[in-house]
Amino acid sequence: MGEKRSTGFYVLTAIFIAFLVFLYGPVITIGILSFQGPTGGLTFPMQGTSLHWFQELFRTQMVGDIWGSFQRSIILGLTVMVITVVFSVGAGMAYRKKFFGSTPLFYLIIASLVIPSILVSLGVGLIFSQLGWEVHWSTSGLGAQLTWTLPFGILIMFAVFNRFDKAYEEAGRDLGAGPIQVFRLIVLPIIAPSLIGVALFGFTLSYDEFARTLLTSGSRNTLPLEIFGMTTNVTTPVIYALGTLTTLFSLLIIVFFLTFFVLSQRRRDKKGSDAGKGLV
Amino acid sequence: MAVLQKNISSILLASPVILVLSAFIIVPIILITAVSFWGSTEFSIYPAFLFDNYEFLLTSDVTYRVFFRTLYFAVLVWAITLVLGFTVAYYLAFFVHSLTWQIICFLLCTIPFWTSNIIRMISWIPFLGRNGLANQSLIEMGIVDEPVEWLLYSEFSVCLAFVHLYTLFMVVPIFNTMMRIDKSLIEAARDAGASSTQILVNVIIPLCKPGIMIGSIFVVALVMGDFITVRFMSGSQIANMGRLISNDISLLQYPSACATAVVLLATVVIMISIMLRFVDIRKEL
């Protein structure tokens, strides 16, 4: 297929490029529009170019508590990330053997992924109100978000351990390593690059989560909630400016994790270590 | 004894996940089911065992219309994302030959997944609005005289946003299964005289079924359970099950919201269970 670049190849290439335009076009549009002049509106034409709407973002009283919500989203995202990585590795290790209850737990993990987000939000909110606890982004919000990030983390770990070559561990055990040594010196280095992937999922899915945080974050909003609140009462390009900044931030995070991933692999290759080669 | 110990170590390792999912999935669902039988006044809810909420829900025309509207969106979006997602995955897997380019193109398809859905929805406004780019170009090209009104805040924009947000849930699993297809199978088919179309239909598509199923599970679950995309992209003019729930919540009618939630959950669980019968997710990862 495609050795002599058939018509099919060109048609599919065109479709693929159109798909990319479809994916990125709108976001690029609001990127451009966020540089609207001070008199510009939500659509083209541009009334000059300026940084006016970005400056507007820094006037806190104008548009609510953006920076507070940004801070909360970061803290929450990092917490979710760490918990997701640690718990997913645990579950991944557990599933290397069949254990009592492993099948029901697997279905629970899948259920957690497919349950409508608003149900999680509603249910967790109800628990807290019935128990007389106050919902807060760092308690109920954290738990609700974990029900979304953990399944992704665990499925990635399943994929990793499906390809894991047990010979390396056996070699370690034969040489007298205990279970903790085997994990720390053999398993962990082999799965480390994949953990960067799990961390990326954990952070970004939390940072962008909307529905599961809606009824569980309490009076202090996370950033997506704040942005959504803005869509109902802000009719200036300031919302595009915020959209552009937070998308850039997301891209920065993605680039950071991917670079980290590439560097960790390069470093490994250079040192001639065979860690990571235990994946078959 | 050793067997028991092995079991214990696995259960211990999985226990944090068991705890989190019990507290934040199982208990909430039990409570939602319980509250769906509760009674409510204008200001409060009280424990009871009433079928009022279900009676009201199941005897109302609105429920059925909204229910079928929700299903309609799920089927329509599923069909579009499947065709589009499959085409993109097919291109990446079989027409991009250098591994570097494959990785770059695959990343380009997945990066939006890690950015905010809300922003991605907002970003359609300057494009589809009354004075948006689409209308401006249509008028400039002389295709229409007046701005087209159904581009934004319509069924069209809701579907467009769904496809925009969720196609990559199809691309990734289908691409994953395509990359695992033994290339010698395709060569064998070609040697036996199959055309590209025949290879696609008789070799590639059957072997991609698990990936198609996983992608379908994601898309169906996400569209069925959605409320924010429909609310935002329809300008609150179209209802689906999720919006019924969120409306009841905003009116503090929790028992009624819970009854709708139970119906929605039952529907989603039945649909996903059927789909799960066709694929062993753990094996396919």
# chains A, B, ... in the order shown; residues from 1 in each chain; ligands from 1

call {"tool": "interface_residues", "arguments": {"of": "chain A", "to": "chain B", "cutoff": "6 Å", "atoms": "only C-alpha atoms", "output": "list in words"}}
result
Gly2, Phe16, Pro26, Val27, Ile30, Thr43, Gly90, Ala91, Ala94, Phe99, Val114, Pro116, Gly123, Val124, Ala159, Thr204, Asp208, Gly243 and Ser250 of chain A

call {"tool": "write_last_selection", "arguments": {"atoms": "all heavy atoms", "output": "CSV table (one decimal), in the first residue's frame"}}
result
chain,number,residue,atom,x,y,z
A,2,GLY,N,0.6,2.1,-0.9
A,2,GLY,CA,1.3,3.4,-0.9
A,2,GLY,C,2.7,3.4,-1.4
A,2,GLY,O,3.4,4.4,-1.3
A,16,PHE,N,-6.7,13.9,6.1
A,16,PHE,CA,-6.0,14.0,7.4
A,16,PHE,C,-5.7,15.5,7.7
A,16,PHE,O,-5.9,15.9,8.8
A,16,PHE,CB,-4.7,13.2,7.3
A,16,PHE,CG,-3.9,13.2,8.6
A,16,PHE,CD1,-4.4,12.6,9.8
A,16,PHE,CD2,-2.7,13.9,8.7
A,16,PHE,CE1,-3.7,12.7,11.0
A,16,PHE,CE2,-2.0,14.0,9.9
A,16,PHE,CZ,-2.5,13.3,11.0
A,26,PRO,N,-10.3,26.1,15.2
A,26,PRO,CA,-11.0,27.0,16.1
A,26,PRO,C,-10.1,27.6,17.2
A,26,PRO,O,-10.3,28.8,17.5
A,26,PRO,CB,-12.1,26.0,16.7
A,26,PRO,CG,-12.2,25.0,15.6
A,26,PRO,CD,-10.9,24.8,15.0
A,27,VAL,N,-9.3,26.8,17.8
A,27,VAL,CA,-8.4,27.2,18.9
A,27,VAL,C,-7.5,28.3,18.4
A,27,VAL,O,-7.2,29.3,19.0
A,27,VAL,CB,-7.6,26.1,19.5
A,27,VAL,CG1,-6.8,26.6,20.7
A,27,VAL,CG2,-8.6,25.0,20.0
A,30,ILE,N,-9.4,31.6,18.1
A,30,ILE,CA,-9.6,32.4,19.3
A,30,ILE,C,-8.2,33.0,19.8
A,30,ILE,O,-8.1,34.0,20.4
A,30,ILE,CB,-10.3,31.7,20.5
A,30,ILE,CG1,-9.5,30.6,21.0
A,30,ILE,CG2,-11.7,31.4,20.1
A,30,ILE,CD1,-10.0,30.2,22.4
A,43,THR,N,-16.2,38.5,17.3
A,43,THR,CA,-15.9,37.9,16.0
A,43,THR,C,-15.0,38.8,15.2
A,43,THR,O,-14.7,39.9,15.6
A,43,THR,CB,-17.2,37.7,15.2
A,43,THR,OG1,-17.9,38.9,15.3
A,43,THR,CG2,-18.0,36.5,15.8
A,90,GLY,N,0.3,0.7,41.8
A,90,GLY,CA,-0.1,-0.3,42.8
A,90,GLY,C,-1.1,-1.3,42.1
A,90,GLY,O,-0.9,-2.5,42.2
A,91,ALA,N,-2.2,-0.7,41.5
A,91,ALA,CA,-3.2,-1.6,40.9
A,91,ALA,C,-2.6,-2.4,39.7
A,91,ALA,O,-2.9,-3.5,39.6
A,91,ALA,CB,-4.3,-0.7,40.4
A,94,ALA,N,-0.7,-5.2,41.2
A,94,ALA,CA,-1.7,-6.2,41.7
A,94,ALA,C,-2.2,-7.1,40.6
A,94,ALA,O,-2.3,-8.3,40.8
A,94,ALA,CB,-2.8,-5.4,42.4
A,99,PHE,N,-6.2,-12.1,41.3
A,99,PHE,CA,-6.5,-12.2,42.8
A,99,PHE,C,-7.9,-12.2,43.0
A,99,PHE,O,-8.7,-11.9,42.2
A,99,PHE,CB,-5.7,-11.1,43.5
A,99,PHE,CG,-6.1,-9.7,43.0
A,99,PHE,CD1,-7.1,-9.0,43.7
A,99,PHE,CD2,-5.5,-9.1,42.0
A,99,PHE,CE1,-7.5,-7.7,43.3
A,99,PHE,CE2,-5.8,-7.8,41.5
A,99,PHE,CZ,-6.8,-7.1,42.2
A,114,VAL,N,-17.0,5.0,32.4
A,114,VAL,CA,-18.2,5.2,31.5
A,114,VAL,C,-19.4,5.9,32.2
A,114,VAL,O,-20.3,6.3,31.5
A,114,VAL,CB,-18.6,3.9,30.8
A,114,VAL,CG1,-17.5,3.4,30.0
A,114,VAL,CG2,-19.1,2.9,31.8
A,116,PRO,N,-21.7,8.5,33.5
A,116,PRO,CA,-21.8,10.0,33.2
A,116,PRO,C,-21.3,10.8,34.4
A,116,PRO,O,-21.6,10.6,35.5
A,116,PRO,CB,-23.3,10.1,33.1
A,116,PRO,CG,-23.9,8.8,32.7
A,116,PRO,CD,-23.0,7.8,33.4
A,123,GLY,N,-23.8,12.4,43.0
A,123,GLY,CA,-23.7,11.5,44.1
A,123,GLY,C,-22.7,11.9,45.2
A,123,GLY,O,-23.0,11.9,46.3
A,124,VAL,N,-21.5,12.4,44.8
A,124,VAL,CA,-20.5,12.8,45.8
A,124,VAL,C,-21.1,14.0,46.5
A,124,VAL,O,-20.9,14.1,47.7
A,124,VAL,CB,-19.2,13.1,45.1
A,124,VAL,CG1,-18.2,13.7,46.1
A,124,VAL,CG2,-18.6,11.8,44.5
A,159,ALA,N,-1.5,-1.9,30.0
A,159,ALA,CA,-0.8,-2.0,28.7
A,159,ALA,C,0.7,-2.2,28.9
A,159,ALA,O,1.3,-2.9,28.2
A,159,ALA,CB,-1.1,-0.7,27.9
A,204,THR,N,-3.4,16.7,33.4
A,204,THR,CA,-4.2,17.4,32.4
A,204,THR,C,-5.7,17.1,32.6
A,204,THR,O,-6.5,18.0,32.5
A,204,THR,CB,-3.8,17.2,31.0
A,204,THR,OG1,-3.8,15.8,30.8
A,204,THR,CG2,-2.4,17.7,30.7
A,208,ASP,N,-8.4,20.1,33.5
A,208,ASP,CA,-9.4,20.5,32.5
A,208,ASP,C,-10.8,19.9,33.0
A,208,ASP,O,-11.8,20.2,32.3
A,208,ASP,CB,-9.1,19.9,31.1
A,208,ASP,CG,-7.9,20.5,30.6
A,208,ASP,OD1,-7.6,21.7,30.9
A,208,ASP,OD2,-7.1,19.8,29.9
A,243,GLY,N,-8.8,31.9,27.4
A,243,GLY,CA,-8.7,30.6,26.7
A,243,GLY,C,-7.4,30.4,26.1
A,243,GLY,O,-6.8,29.3,26.2
A,250,SER,N,-1.5,24.6,28.9
A,250,SER,CA,-1.7,23.1,28.7
A,250,SER,C,-0.6,22.6,27.8
A,250,SER,O,0.0,21.6,28.0
A,250,SER,CB,-3.1,22.8,28.1
A,250,SER,OG,-4.1,23.0,29.1

call {"tool": "residues_around", "arguments": {"residues": "region 34-42 of chain A", "least_positions_apart": "2", "cutoff": "6 Å", "atoms": "only C-alpha atoms", "output": "ChimeraX atom specification"}}
result
/A:30-32,46-52,237,240-241

call {"tool": "select_by_dssp", "arguments": {"residues": "region 25-174 of chain B", "states": "alpha helix (DSSP H)", "output": "NGL selection string"}}
result
:B and (27-35 or 52-58 or 61-94 or 99-110 or 117-122 or 125-128 or 133-140 or 155-174)

call {"tool": "residues_around", "arguments": {"residues": "Phe161 (chain A)", "least_positions_apart": "5", "cutoff": "8 Å", "atoms": "only C-alpha atoms", "output": "count of residues only"}}
result
3

call {"tool": "atom_distance", "arguments": {"atom1": "CA of Tyr72 (chain B)", "atom2": "CA of Leu152 (chain B)"}}
result
19.0 Å

call {"tool": "atom_distance", "arguments": {"atom1": "CA of Pro193 (chain A)", "atom2": "CA of Phe261 (chain A)"}}
result
5.9 Å

call {"tool": "residues_around", "arguments": {"residues": "Met179 (chain B)", "least_positions_apart": "2", "cutoff": "10 Å", "atoms": "only C-alpha atoms", "output": "list in words"}}
result
Ala89, Tyr90, Leu92, Ala93, Phe94, Pro173, Ile174, Phe175, Asn176, Thr177, Ile181, Asp182, Lys183 and Cys208 of chain B

call {"tool": "residues_around", "arguments": {"residues": "Phe56 (chain B)", "least_positions_apart": "5", "cutoff": "12 Å", "atoms": "only C-alpha atoms", "output": "VMD selection string"}}
result
chain B and resid 36 to 37 50 to 51 61 to 64 255 to 257 259 to 260
